[in-house]
>>> print(open('final_26.txt').read())   # compact mmCIF, C-alpha atoms
# COMPACT_ATOMS: atom_id res chain seq x y z
CA MET A 47 98.60 96.56 71.15
CA THR A 48 98.97 99.33 73.61
CA SER A 49 100.99 102.13 72.22
CA TRP A 50 102.59 103.60 69.18
CA SER A 51 105.56 105.07 70.96
CA GLY A 52 107.01 102.32 73.14
CA LEU A 53 105.35 103.75 76.23
CA PRO A 54 101.60 103.29 76.55
CA PHE A 55 100.94 106.77 77.84
CA VAL A 56 101.19 110.02 75.96
CA ARG A 57 103.90 112.36 77.16
CA GLY A 58 104.85 115.91 76.38
CA THR A 59 101.39 117.38 76.70
CA SER A 60 100.69 120.49 78.74
CA PRO A 61 97.23 121.74 79.80
CA PRO A 62 94.96 123.12 78.65
CA TYR A 63 94.08 120.75 75.85
CA VAL A 64 91.27 118.35 74.94
CA ALA A 65 90.78 114.65 75.69
CA ALA A 66 88.25 112.35 74.03
CA ILE A 67 87.50 109.23 76.06
CA LEU A 68 85.85 106.39 74.13
CA THR A 69 84.81 103.42 76.26
CA THR A 70 83.42 100.52 74.29
CA ALA A 71 81.60 97.33 75.18
CA LEU A 72 83.15 94.81 72.82
CA SER A 73 81.19 92.12 71.08
CA ASP A 74 81.44 88.75 72.76
CA ASP A 75 81.49 87.06 69.34
CA PRO A 76 85.08 86.47 68.13
CA VAL A 77 83.84 86.65 64.54
CA ASP A 78 82.72 90.23 65.15
CA LEU A 79 86.13 91.14 66.54
CA ALA A 80 88.15 89.92 63.56
CA GLY A 81 90.10 92.89 62.30
CA TYR A 82 89.60 94.94 65.44
CA GLU A 83 93.28 95.36 66.27
CA GLU A 84 94.08 96.28 62.70
CA ALA A 85 91.27 98.83 62.63
CA ALA A 86 92.50 100.40 65.85
CA ALA A 87 96.04 100.62 64.52
CA ARG A 88 94.75 102.14 61.31
CA MET A 89 92.85 104.79 63.28
CA ALA A 90 96.04 105.69 65.11
CA ASP A 91 97.82 106.06 61.78
CA LEU A 92 95.04 108.30 60.51
CA ALA A 93 94.86 110.47 63.60
CA VAL A 94 98.46 111.60 63.33
CA ARG A 95 97.58 113.30 60.05
CA ILE A 96 95.17 115.65 61.81
CA ASP A 97 96.59 119.03 62.72
CA GLY A 98 96.40 119.39 66.49
CA TYR A 99 96.67 115.67 67.26
CA LEU A 100 98.67 115.16 70.46
CA GLY A 101 98.53 111.40 70.98
CA MET A 102 96.41 108.36 71.74
CA GLU A 103 96.27 105.75 74.49
CA PHE A 104 94.62 102.39 74.12
CA ALA A 105 93.86 99.37 76.27
CA ARG A 106 91.42 96.54 75.86
CA ASP A 107 90.54 93.34 77.54
CA GLU A 108 87.95 90.73 76.80
CA HIS A 109 84.88 92.91 77.12
CA CYS A 110 86.01 96.50 77.21
CA GLY A 111 88.15 98.83 75.14
CA ILE A 112 89.20 102.29 76.24
CA THR A 113 90.75 104.71 73.77
CA VAL A 114 91.76 108.17 74.90
CA SER A 115 92.87 110.61 72.24
CA TYR A 116 94.34 114.04 72.94
CA TRP A 117 93.91 117.17 70.88
CA ARG A 118 95.13 120.74 70.91
CA ASP A 119 91.58 122.08 70.93
CA LEU A 120 87.99 121.27 70.05
CA ASP A 121 88.51 122.26 66.41
CA ALA A 122 91.22 119.62 66.01
CA LEU A 123 88.97 117.01 67.60
CA ARG A 124 86.13 118.04 65.32
CA ASN A 125 88.34 117.54 62.27
CA TRP A 126 89.12 114.05 63.52
CA ARG A 127 85.48 113.24 64.17
CA GLU A 128 84.63 114.34 60.64
CA ASP A 129 87.55 112.60 58.90
CA ILE A 130 85.91 110.50 56.22
CA GLU A 131 87.85 107.31 56.85
CA HIS A 132 87.36 107.70 60.58
CA VAL A 133 83.63 108.09 60.05
CA ALA A 134 83.62 104.87 58.03
CA ALA A 135 85.57 103.11 60.76
CA GLN A 136 83.08 104.29 63.35
CA ARG A 137 80.31 102.77 61.27
CA ASP A 138 82.23 99.49 61.06
CA GLY A 139 82.67 99.60 64.81
CA ARG A 140 78.95 99.99 65.37
CA GLU A 141 78.17 97.20 62.93
CA ARG A 142 80.73 94.70 64.14
CA PHE A 143 83.02 95.41 67.06
CA TYR A 144 80.86 97.19 69.55
CA LEU A 145 77.80 96.36 71.57
CA GLY A 146 77.79 99.95 72.68
CA TYR A 147 79.99 102.81 73.72
CA ARG A 148 80.04 106.04 75.60
CA ALA A 149 82.21 108.93 74.47
CA ARG A 150 83.22 111.90 76.57
CA ILE A 151 84.86 115.13 75.49
CA CYS A 152 86.91 116.79 78.18
CA HIS A 153 89.14 119.72 78.91
CA VAL A 154 92.33 118.56 80.57
CA GLU A 155 93.06 120.84 83.48
CA ARG A 156 96.06 119.21 85.07
CA GLU A 157 98.32 116.21 84.68
CA TYR A 158 101.17 114.50 86.44
CA GLU A 159 103.46 111.63 85.76
CA TRP A 160 105.46 109.10 87.65
CA ALA A 161 108.05 106.64 86.34
CA ARG A 162 110.03 103.96 88.07
CA PRO A 163 113.64 105.04 88.09
CA PRO A 164 116.00 104.68 86.39
CA ASP A 165 114.32 103.28 83.30
CA LEU A 166 112.16 106.27 82.62
CA VAL A 167 112.73 109.90 83.31
CA PRO A 168 111.56 112.27 84.66
CA THR A 169 110.58 110.54 87.88
CA THR A 170 107.88 113.00 88.84
CA THR A 171 106.39 116.02 87.20
CA ASP A 172 103.25 117.92 87.95
CA SER A 173 101.57 120.54 85.84
CA ALA A 174 100.36 122.47 88.87
CA ASN A 175 101.11 122.93 92.52
CA GLU A 176 98.15 122.41 94.73
CA MET B 251 87.72 92.48 84.74
CA THR B 252 86.16 95.37 83.02
CA SER B 253 83.24 96.65 84.92
CA TRP B 254 81.33 96.62 88.12
CA SER B 255 77.90 97.08 86.61
CA GLY B 256 77.63 94.56 83.77
CA LEU B 257 78.37 97.24 81.19
CA PRO B 258 81.96 98.44 80.94
CA PHE B 259 81.05 102.08 80.53
CA VAL B 260 79.59 104.39 83.11
CA ARG B 261 76.10 105.62 82.34
CA GLY B 262 73.80 108.16 83.89
CA THR B 263 76.32 110.98 84.07
CA SER B 264 75.57 114.48 82.86
CA PRO B 265 78.16 117.24 82.30
CA PRO B 266 79.71 119.13 83.87
CA TYR B 267 81.65 116.75 86.08
CA VAL B 268 85.23 115.59 86.53
CA ALA B 269 87.16 112.70 84.97
CA ALA B 270 90.50 111.34 86.17
CA ILE B 271 92.37 109.37 83.51
CA LEU B 272 95.13 107.10 84.81
CA THR B 273 97.19 105.41 82.10
CA THR B 274 99.75 102.97 83.42
CA ALA B 275 102.69 101.13 81.90
CA LEU B 276 102.44 97.71 83.53
CA SER B 277 105.43 95.74 84.69
CA ASP B 278 106.48 93.06 82.27
CA ASP B 279 107.32 90.76 85.18
CA PRO B 280 104.36 88.48 86.03
CA VAL B 281 105.59 88.31 89.63
CA ASP B 282 105.11 92.06 89.93
CA LEU B 283 101.55 91.78 88.62
CA ALA B 284 100.38 89.17 91.13
CA GLY B 285 97.44 90.69 92.94
CA TYR B 286 96.89 93.43 90.39
CA GLU B 287 93.33 92.46 89.49
CA GLU B 288 92.40 92.12 93.14
CA ALA B 289 93.90 95.50 93.95
CA ALA B 290 91.97 97.13 91.11
CA ALA B 291 88.73 95.56 92.28
CA ARG B 292 89.44 96.68 95.82
CA MET B 293 89.97 100.25 94.62
CA ALA B 294 86.61 100.15 92.90
CA ASP B 295 85.02 98.98 96.13
CA LEU B 296 86.68 101.80 98.02
CA ALA B 297 85.80 104.52 95.52
CA VAL B 298 82.08 103.96 95.89
CA ARG B 299 82.35 105.06 99.50
CA ILE B 300 83.48 108.54 98.46
CA ASP B 301 80.75 111.15 98.29
CA GLY B 302 80.57 112.42 94.72
CA TYR B 303 81.83 109.22 93.09
CA LEU B 304 80.05 108.68 89.77
CA GLY B 305 81.68 105.55 88.39
CA MET B 306 84.83 103.92 87.05
CA GLU B 307 85.90 102.33 83.78
CA PHE B 308 88.81 99.97 83.44
CA ALA B 309 90.64 98.11 80.70
CA ARG B 310 94.04 96.54 80.56
CA ASP B 311 96.07 94.46 78.22
CA GLU B 312 99.55 93.09 78.45
CA HIS B 313 101.43 96.35 78.81
CA CYS B 314 98.90 99.06 79.50
CA GLY B 315 96.11 99.73 81.95
CA ILE B 316 93.66 102.60 81.63
CA THR B 317 91.39 103.52 84.52
CA VAL B 318 88.97 106.41 84.17
CA SER B 319 87.09 107.47 87.27
CA TYR B 320 84.32 110.05 87.31
CA TRP B 321 83.53 112.51 90.07
CA ARG B 322 80.95 115.15 90.82
CA ASP B 323 83.63 117.80 91.28
CA LEU B 324 87.28 118.37 92.14
CA ASP B 325 86.57 118.16 95.87
CA ALA B 326 85.22 114.64 95.50
CA LEU B 327 88.25 113.65 93.46
CA ARG B 328 90.54 115.19 96.06
CA ASN B 329 88.89 113.12 98.79
CA TRP B 330 89.55 110.02 96.73
CA ARG B 331 93.16 110.94 96.08
CA GLU B 332 93.67 111.45 99.82
CA ASP B 333 91.82 108.31 100.95
CA ILE B 334 94.31 106.52 103.15
CA GLU B 335 93.82 103.06 101.71
CA HIS B 336 93.92 104.46 98.20
CA VAL B 337 97.18 106.21 98.99
CA ALA B 338 98.62 102.91 100.22
CA ALA B 339 97.44 101.20 97.04
CA GLN B 340 99.07 103.87 94.92
CA ARG B 341 102.31 103.18 96.75
CA ASP B 342 101.93 99.45 96.08
CA GLY B 343 101.30 100.25 92.45
CA ARG B 344 104.48 102.24 92.18
CA GLU B 345 106.47 99.55 93.94
CA ARG B 346 105.11 96.58 92.05
CA PHE B 347 102.59 96.93 89.26
CA TYR B 348 103.69 99.99 87.37
CA LEU B 349 106.71 100.99 85.38
CA GLY B 350 105.20 104.41 85.13
CA TYR B 351 101.95 106.26 84.69
CA ARG B 352 100.48 109.53 83.61
CA ALA B 353 97.37 110.92 85.27
CA ARG B 354 95.12 113.61 83.87
CA ILE B 355 92.36 115.53 85.58
CA CYS B 356 89.68 116.77 83.25
CA HIS B 357 86.41 118.60 83.11
CA VAL B 358 83.90 116.65 81.06
CA GLU B 359 82.14 119.04 78.74
CA ARG B 360 80.01 116.74 76.66
CA GLU B 361 79.20 113.06 76.23
CA TYR B 362 77.22 110.79 73.98
CA GLU B 363 76.35 107.15 73.86
CA TRP B 364 75.49 104.54 71.32
CA ALA B 365 74.20 101.03 71.88
CA ARG B 366 73.42 98.24 69.48
CA PRO B 367 69.68 97.70 69.55
CA PRO B 368 67.78 96.00 71.01
CA ASP B 369 70.05 94.76 73.79
CA LEU B 370 70.82 98.11 75.27
CA VAL B 371 68.80 101.27 75.42
CA PRO B 372 68.81 104.14 74.68
CA THR B 373 70.23 103.75 71.20
CA THR B 374 71.64 107.26 70.98
CA THR B 375 71.83 110.15 73.34
CA ASP B 376 73.87 113.28 73.22
CA SER B 377 74.42 115.80 75.95
CA ALA B 378 74.53 118.71 73.52
CA ASN B 379 73.48 119.67 70.06
CA GLU B 380 76.29 120.96 67.98
>>> encode(input="final_26.txt", output="structure tokens")
Amino acid sequence: MTSWSGLPFVRGTSPPYVAAILTTALSDDPVDLAGYEEAAARMADLAVRIDGYLGMEFARDEHCGITVSYWRDLDALRNWREDIEHVAAQRDGRERFYLGYRARICHVEREYEWARPPDLVPTTTDSANE
Amino acid sequence: MTSWSGLPFVRGTSPPYVAAILTTALSDDPVDLAGYEEAAARMADLAVRIDGYLGMEFARDEHCGITVSYWRDLDALRNWREDIEHVAAQRDGRERFYLGYRARICHVEREYEWARPPDLVPTTTDSANE
């Protein structure tokens, strides 16, 4: 599972906005990881209900998961962090899926995109000239 | 491949600093992806030579790769973006590995960590009280 939009990266955003980076060390016990994909998909379904949600990106491999969620502002992110089902899912994550994690809350200053033509357009955009 | 330190997330950072989030749509042709892991590892080896490099996190699955690199400031990130071998690798990525990507440059405002005791310490830290 990589995306909920066909493309694995979130488009249509424009700085400034907020990013939350969650990098997790996944349990090395397959029993612990049962239900992980479903839980991640459920979180994505929940997040879209939050006013100010802009999108989510997700990748995982055997030992590491990275989820980046994007938000209009810190208030929107706070509402997500306090969402009751999300809080319960975080607890499940700590009890089963994760050995540990580090979360970072960021202000996105600038972004740019590239796509291999002609499948994806635009080919290049940049939010700032530097 | 998830990490170059044993743990897949970067520790020891303290805001403010800079994060660069690169989210890539990977080619669905295995021929295109030959050498991808090696190229990613090589980039990690190169990045540590840049003054102001703080660390890198990496996860990928079948369709999506997310790399987050951390930098002391925008000048350090700029030096990395202009590193000649890194520039060549970016070109290779566009020609072979990637269908597209979106890159975001962020200021990290806050971070916190959790680890399942007793394997990892500290169990909880937070860069701010809110």
>>> residues_around(input="final_26.txt", residues="range 264-277 of chain B", least_positions_apart="5", cutoff="7 Å", atoms="all atoms listed in the file", output="PyMOL selection string")
(chain A and resi 53-55) or (chain B and resi 282-283+313-324+347-360)
>>> calpha_fit_and_write(input="final_26.txt", fixed="chain B", moving="chain A", output="mmCIF file with C-alpha atoms, in the frame of the given file")
data_model
loop_
_atom_site.group_PDB
_atom_site.id
_atom_site.type_symbol
_atom_site.label_atom_id
_atom_site.label_comp_id
_atom_site.auth_asym_id
_atom_site.auth_seq_id
_atom_site.Cartn_x
_atom_site.Cartn_y
_atom_site.Cartn_z
ATOM 1 C CA MET A 47 87.741 92.487 84.770
ATOM 2 C CA THR A 48 86.136 95.348 83.009
ATOM 3 C CA SER A 49 83.216 96.657 84.910
ATOM 4 C CA TRP A 50 81.312 96.584 88.124
ATOM 5 C CA SER A 51 77.912 97.069 86.588
ATOM 6 C CA GLY A 52 77.614 94.558 83.756
ATOM 7 C CA LEU A 53 78.375 97.222 81.173
ATOM 8 C CA PRO A 54 81.960 98.437 80.945
ATOM 9 C CA PHE A 55 81.059 102.075 80.537
ATOM 10 C CA VAL A 56 79.590 104.396 83.109
ATOM 11 C CA ARG A 57 76.098 105.620 82.352
ATOM 12 C CA GLY A 58 73.811 108.173 83.890
ATOM 13 C CA THR A 59 76.337 110.968 84.097
ATOM 14 C CA SER A 60 75.586 114.472 82.877
ATOM 15 C CA PRO A 61 78.164 117.246 82.315
ATOM 16 C CA PRO A 62 79.720 119.129 83.868
ATOM 17 C CA TYR A 63 81.641 116.752 86.079
ATOM 18 C CA VAL A 64 85.234 115.584 86.545
ATOM 19 C CA ALA A 65 87.165 112.702 84.978
ATOM 20 C CA ALA A 66 90.500 111.332 86.181
ATOM 21 C CA ILE A 67 92.364 109.367 83.520
ATOM 22 C CA LEU A 68 95.134 107.096 84.815
ATOM 23 C CA THR A 69 97.194 105.405 82.106
ATOM 24 C CA THR A 70 99.756 102.964 83.413
ATOM 25 C CA ALA A 71 102.680 101.113 81.896
ATOM 26 C CA LEU A 72 102.430 97.704 83.521
ATOM 27 C CA SER A 73 105.412 95.737 84.683
ATOM 28 C CA ASP A 74 106.486 93.057 82.252
ATOM 29 C CA ASP A 75 107.314 90.751 85.176
ATOM 30 C CA PRO A 76 104.353 88.469 86.032
ATOM 31 C CA VAL A 77 105.593 88.302 89.623
ATOM 32 C CA ASP A 78 105.105 92.059 89.923
ATOM 33 C CA LEU A 79 101.556 91.779 88.613
ATOM 34 C CA ALA A 80 100.375 89.177 91.120
ATOM 35 C CA GLY A 81 97.442 90.696 92.938
ATOM 36 C CA TYR A 82 96.890 93.439 90.392
ATOM 37 C CA GLU A 83 93.327 92.486 89.498
ATOM 38 C CA GLU A 84 92.404 92.134 93.139
ATOM 39 C CA ALA A 85 93.913 95.522 93.944
ATOM 40 C CA ALA A 86 91.981 97.148 91.121
ATOM 41 C CA ALA A 87 88.739 95.573 92.285
ATOM 42 C CA ARG A 88 89.452 96.695 95.822
ATOM 43 C CA MET A 89 89.986 100.271 94.624
ATOM 44 C CA ALA A 90 86.619 100.176 92.895
ATOM 45 C CA ASP A 91 85.019 98.992 96.125
ATOM 46 C CA LEU A 92 86.691 101.814 98.022
ATOM 47 C CA ALA A 93 85.801 104.520 95.536
ATOM 48 C CA VAL A 94 82.074 103.969 95.880
ATOM 49 C CA ARG A 95 82.343 105.064 99.507
ATOM 50 C CA ILE A 96 83.476 108.537 98.468
ATOM 51 C CA ASP A 97 80.745 111.141 98.301
ATOM 52 C CA GLY A 98 80.575 112.415 94.734
ATOM 53 C CA TYR A 99 81.822 109.207 93.104
ATOM 54 C CA LEU A 100 80.048 108.680 89.776
ATOM 55 C CA GLY A 101 81.698 105.547 88.401
ATOM 56 C CA MET A 102 84.840 103.920 87.061
ATOM 57 C CA GLU A 103 85.901 102.320 83.789
ATOM 58 C CA PHE A 104 88.805 99.955 83.447
ATOM 59 C CA ALA A 105 90.630 98.110 80.693
ATOM 60 C CA ARG A 106 94.037 96.527 80.555
ATOM 61 C CA ASP A 107 96.070 94.463 78.221
ATOM 62 C CA GLU A 108 99.540 93.060 78.462
ATOM 63 C CA HIS A 109 101.417 96.320 78.815
ATOM 64 C CA CYS A 110 98.905 99.037 79.508
ATOM 65 C CA GLY A 111 96.105 99.724 81.954
ATOM 66 C CA ILE A 112 93.668 102.595 81.640
ATOM 67 C CA THR A 113 91.388 103.512 84.524
ATOM 68 C CA VAL A 114 88.985 106.407 84.183
ATOM 69 C CA SER A 115 87.107 107.478 87.280
ATOM 70 C CA TYR A 116 84.320 110.056 87.326
ATOM 71 C CA TRP A 117 83.528 112.510 90.078
ATOM 72 C CA ARG A 118 80.945 115.158 90.821
ATOM 73 C CA ASP A 119 83.622 117.807 91.294
ATOM 74 C CA LEU A 120 87.267 118.368 92.141
ATOM 75 C CA ASP A 121 86.573 118.177 95.880
ATOM 76 C CA ALA A 122 85.217 114.641 95.515
ATOM 77 C CA LEU A 123 88.257 113.641 93.476
ATOM 78 C CA ARG A 124 90.534 115.187 96.074
ATOM 79 C CA ASN A 125 88.887 113.125 98.808
ATOM 80 C CA TRP A 126 89.551 110.021 96.740
ATOM 81 C CA ARG A 127 93.162 110.959 96.104
ATOM 82 C CA GLU A 128 93.665 111.456 99.831
ATOM 83 C CA ASP A 129 91.815 108.314 100.967
ATOM 84 C CA ILE A 130 94.311 106.516 103.163
ATOM 85 C CA GLU A 131 93.828 103.053 101.709
ATOM 86 C CA HIS A 132 93.921 104.468 98.202
ATOM 87 C CA VAL A 133 97.180 106.226 98.997
ATOM 88 C CA ALA A 134 98.621 102.923 100.207
ATOM 89 C CA ALA A 135 97.431 101.205 97.047
ATOM 90 C CA GLN A 136 99.076 103.875 94.933
ATOM 91 C CA ARG A 137 102.330 103.193 96.738
ATOM 92 C CA ASP A 138 101.946 99.464 96.080
ATOM 93 C CA GLY A 139 101.306 100.253 92.442
ATOM 94 C CA ARG A 140 104.501 102.261 92.177
ATOM 95 C CA GLU A 141 106.486 99.556 93.935
ATOM 96 C CA ARG A 142 105.125 96.581 92.047
ATOM 97 C CA PHE A 143 102.599 96.943 89.261
ATOM 98 C CA TYR A 144 103.701 99.982 87.368
ATOM 99 C CA LEU A 145 106.723 100.983 85.368
ATOM 100 C CA GLY A 146 105.195 104.408 85.128
ATOM 101 C CA TYR A 147 101.962 106.262 84.674
ATOM 102 C CA ARG A 148 100.488 109.525 83.600
ATOM 103 C CA ALA A 149 97.381 110.912 85.262
ATOM 104 C CA ARG A 150 95.130 113.601 83.864
ATOM 105 C CA ILE A 151 92.363 115.518 85.584
ATOM 106 C CA CYS A 152 89.675 116.763 83.255
ATOM 107 C CA HIS A 153 86.402 118.594 83.117
ATOM 108 C CA VAL A 154 83.892 116.644 81.073
ATOM 109 C CA GLU A 155 82.138 119.030 78.742
ATOM 110 C CA ARG A 156 79.999 116.728 76.666
ATOM 111 C CA GLU A 157 79.199 113.064 76.230
ATOM 112 C CA TYR A 158 77.221 110.793 73.978
ATOM 113 C CA GLU A 159 76.355 107.163 73.853
ATOM 114 C CA TRP A 160 75.481 104.551 71.326
ATOM 115 C CA ALA A 161 74.206 101.011 71.893
ATOM 116 C CA ARG A 162 73.420 98.238 69.488
ATOM 117 C CA PRO A 163 69.690 97.705 69.538
ATOM 118 C CA PRO A 164 67.779 96.019 70.985
ATOM 119 C CA ASP A 165 70.044 94.758 73.744
ATOM 120 C CA LEU A 166 70.812 98.124 75.211
ATOM 121 C CA VAL A 167 68.762 101.247 75.359
ATOM 122 C CA PRO A 168 68.780 104.131 74.661
ATOM 123 C CA THR A 169 70.218 103.762 71.180
ATOM 124 C CA THR A 170 71.611 107.265 70.958
ATOM 125 C CA THR A 171 71.807 110.157 73.331
ATOM 126 C CA ASP A 172 73.841 113.300 73.205
ATOM 127 C CA SER A 173 74.399 115.808 75.950
ATOM 128 C CA ALA A 174 74.548 118.713 73.519
ATOM 129 C CA ASN A 175 73.487 119.660 70.044
ATOM 130 C CA GLU A 176 76.280 120.937 67.926
#
>>> residues_near_point(input="final_26.txt", point="(85.8, 102.6, 93.4)", cutoff="12 Å", atoms="all atoms listed in the file", output="mmCIF file with C-alpha atoms, in the coordinates of the input")
data_model
loop_
_atom_site.group_PDB
_atom_site.id
_atom_site.type_symbol
_atom_site.label_atom_id
_atom_site.label_comp_id
_atom_site.auth_asym_id
_atom_site.auth_seq_id
_atom_site.Cartn_x
_atom_site.Cartn_y
_atom_site.Cartn_z
ATOM 1 C CA SER B 253 83.240 96.650 84.920
ATOM 2 C CA TRP B 254 81.330 96.620 88.120
ATOM 3 C CA SER B 255 77.900 97.080 86.610
ATOM 4 C CA ALA B 289 93.900 95.500 93.950
ATOM 5 C CA ALA B 290 91.970 97.130 91.110
ATOM 6 C CA ALA B 291 88.730 95.560 92.280
ATOM 7 C CA ARG B 292 89.440 96.680 95.820
ATOM 8 C CA MET B 293 89.970 100.250 94.620
ATOM 9 C CA ALA B 294 86.610 100.150 92.900
ATOM 10 C CA ASP B 295 85.020 98.980 96.130
ATOM 11 C CA LEU B 296 86.680 101.800 98.020
ATOM 12 C CA ALA B 297 85.800 104.520 95.520
ATOM 13 C CA VAL B 298 82.080 103.960 95.890
ATOM 14 C CA ARG B 299 82.350 105.060 99.500
ATOM 15 C CA ILE B 300 83.480 108.540 98.460
ATOM 16 C CA ASP B 301 80.750 111.150 98.290
ATOM 17 C CA GLY B 302 80.570 112.420 94.720
ATOM 18 C CA TYR B 303 81.830 109.220 93.090
ATOM 19 C CA LEU B 304 80.050 108.680 89.770
ATOM 20 C CA GLY B 305 81.680 105.550 88.390
ATOM 21 C CA MET B 306 84.830 103.920 87.050
ATOM 22 C CA GLU B 307 85.900 102.330 83.780
ATOM 23 C CA PHE B 308 88.810 99.970 83.440
ATOM 24 C CA THR B 317 91.390 103.520 84.520
ATOM 25 C CA VAL B 318 88.970 106.410 84.170
ATOM 26 C CA SER B 319 87.090 107.470 87.270
ATOM 27 C CA TYR B 320 84.320 110.050 87.310
ATOM 28 C CA TRP B 321 83.530 112.510 90.070
ATOM 29 C CA LEU B 327 88.250 113.650 93.460
ATOM 30 C CA TRP B 330 89.550 110.020 96.730
ATOM 31 C CA ARG B 331 93.160 110.940 96.080
ATOM 32 C CA ASP B 333 91.820 108.310 100.950
ATOM 33 C CA GLU B 335 93.820 103.060 101.710
ATOM 34 C CA HIS B 336 93.920 104.460 98.200
#
>>> closest_residue(input="final_26.txt", among="B:Thr263, B:Gly285, B:Ala309, B:Val337", to="chain A", atoms="only C-alpha atoms")
B:Ala309
>>> axis_aligned_box(input="final_26.txt", around="range 159-162 of chain A", padding_each_side="8 Å", output="AutoDock Vina command-line options")
--center_x 106.7 --center_y 107.8 --center_z 86.9 --size_x 22.6 --size_y 23.7 --size_z 18.3
>>> decode(input="final_26.txt", residues="range 95-141 of chain A", atoms="C-alpha atoms", output="PDB file, in the first residue's frame")
ATOM      1  CA  ARG A  95     -12.532  13.613   7.873  1.00  0.00           C
ATOM      2  CA  ILE A  96     -10.380  16.212   9.613  1.00  0.00           C
ATOM      3  CA  ASP A  97     -10.866  19.763   8.422  1.00  0.00           C
ATOM      4  CA  GLY A  98      -7.546  20.991   7.053  1.00  0.00           C
ATOM      5  CA  TYR A  99      -6.266  17.577   5.985  1.00  0.00           C
ATOM      6  CA  LEU A 100      -4.244  17.903   2.775  1.00  0.00           C
ATOM      7  CA  GLY A 101      -2.999  14.371   2.172  1.00  0.00           C
ATOM      8  CA  MET A 102      -0.814  11.514   3.334  1.00  0.00           C
ATOM      9  CA  GLU A 103       2.173   9.610   1.953  1.00  0.00           C
ATOM     10  CA  PHE A 104       3.225   6.202   3.130  1.00  0.00           C
ATOM     11  CA  ALA A 105       6.029   3.741   2.488  1.00  0.00           C
ATOM     12  CA  ARG A 106       7.294   0.804   4.460  1.00  0.00           C
ATOM     13  CA  ASP A 107       9.780  -1.949   4.113  1.00  0.00           C
ATOM     14  CA  GLU A 108      10.778  -4.755   6.386  1.00  0.00           C
ATOM     15  CA  HIS A 109      11.985  -2.679   9.305  1.00  0.00           C
ATOM     16  CA  CYS A 110      10.864   0.876   8.753  1.00  0.00           C
ATOM     17  CA  GLY A 111       7.665   2.730   8.015  1.00  0.00           C
ATOM     18  CA  ILE A 112       7.487   6.395   7.080  1.00  0.00           C
ATOM     19  CA  THR A 113       4.174   8.226   7.065  1.00  0.00           C
ATOM     20  CA  VAL A 114       4.046  11.891   6.154  1.00  0.00           C
ATOM     21  CA  SER A 115       0.751  13.674   6.608  1.00  0.00           C
ATOM     22  CA  TYR A 116       0.053  17.226   5.462  1.00  0.00           C
ATOM     23  CA  TRP A 117      -2.169  19.776   7.149  1.00  0.00           C
ATOM     24  CA  ARG A 118      -3.382  23.292   6.526  1.00  0.00           C
ATOM     25  CA  ASP A 119      -2.054  24.461   9.890  1.00  0.00           C
ATOM     26  CA  LEU A 120      -1.096  23.332  13.374  1.00  0.00           C
ATOM     27  CA  ASP A 121      -4.703  23.457  14.561  1.00  0.00           C
ATOM     28  CA  ALA A 122      -5.737  20.908  11.936  1.00  0.00           C
ATOM     29  CA  LEU A 123      -2.843  18.662  12.932  1.00  0.00           C
ATOM     30  CA  ARG A 124      -3.795  19.012  16.580  1.00  0.00           C
ATOM     31  CA  ASN A 125      -7.344  17.893  15.806  1.00  0.00           C
ATOM     32  CA  TRP A 126      -5.911  14.834  14.104  1.00  0.00           C
ATOM     33  CA  ARG A 127      -3.588  14.052  16.985  1.00  0.00           C
ATOM     34  CA  GLU A 128      -6.525  14.262  19.385  1.00  0.00           C
ATOM     35  CA  ASP A 129      -8.998  12.281  17.257  1.00  0.00           C
ATOM     36  CA  ILE A 130     -10.217   9.541  19.564  1.00  0.00           C
ATOM     37  CA  GLU A 131      -9.898   6.668  17.125  1.00  0.00           C
ATOM     38  CA  HIS A 132      -6.484   7.902  16.051  1.00  0.00           C
ATOM     39  CA  VAL A 133      -5.382   8.014  19.675  1.00  0.00           C
ATOM     40  CA  ALA A 134      -6.530   4.409  20.086  1.00  0.00           C
ATOM     41  CA  ALA A 135      -4.645   3.417  16.947  1.00  0.00           C
ATOM     42  CA  GLN A 136      -1.505   5.077  18.262  1.00  0.00           C
ATOM     43  CA  ARG A 137      -1.826   3.007  21.407  1.00  0.00           C
ATOM     44  CA  ASP A 138      -2.210  -0.158  19.324  1.00  0.00           C
ATOM     45  CA  GLY A 139       0.863   0.844  17.373  1.00  0.00           C
ATOM     46  CA  ARG A 140       2.907   1.212  20.527  1.00  0.00           C
ATOM     47  CA  GLU A 141       1.659  -2.099  21.873  1.00  0.00           C
TER      48      GLU A 141
END
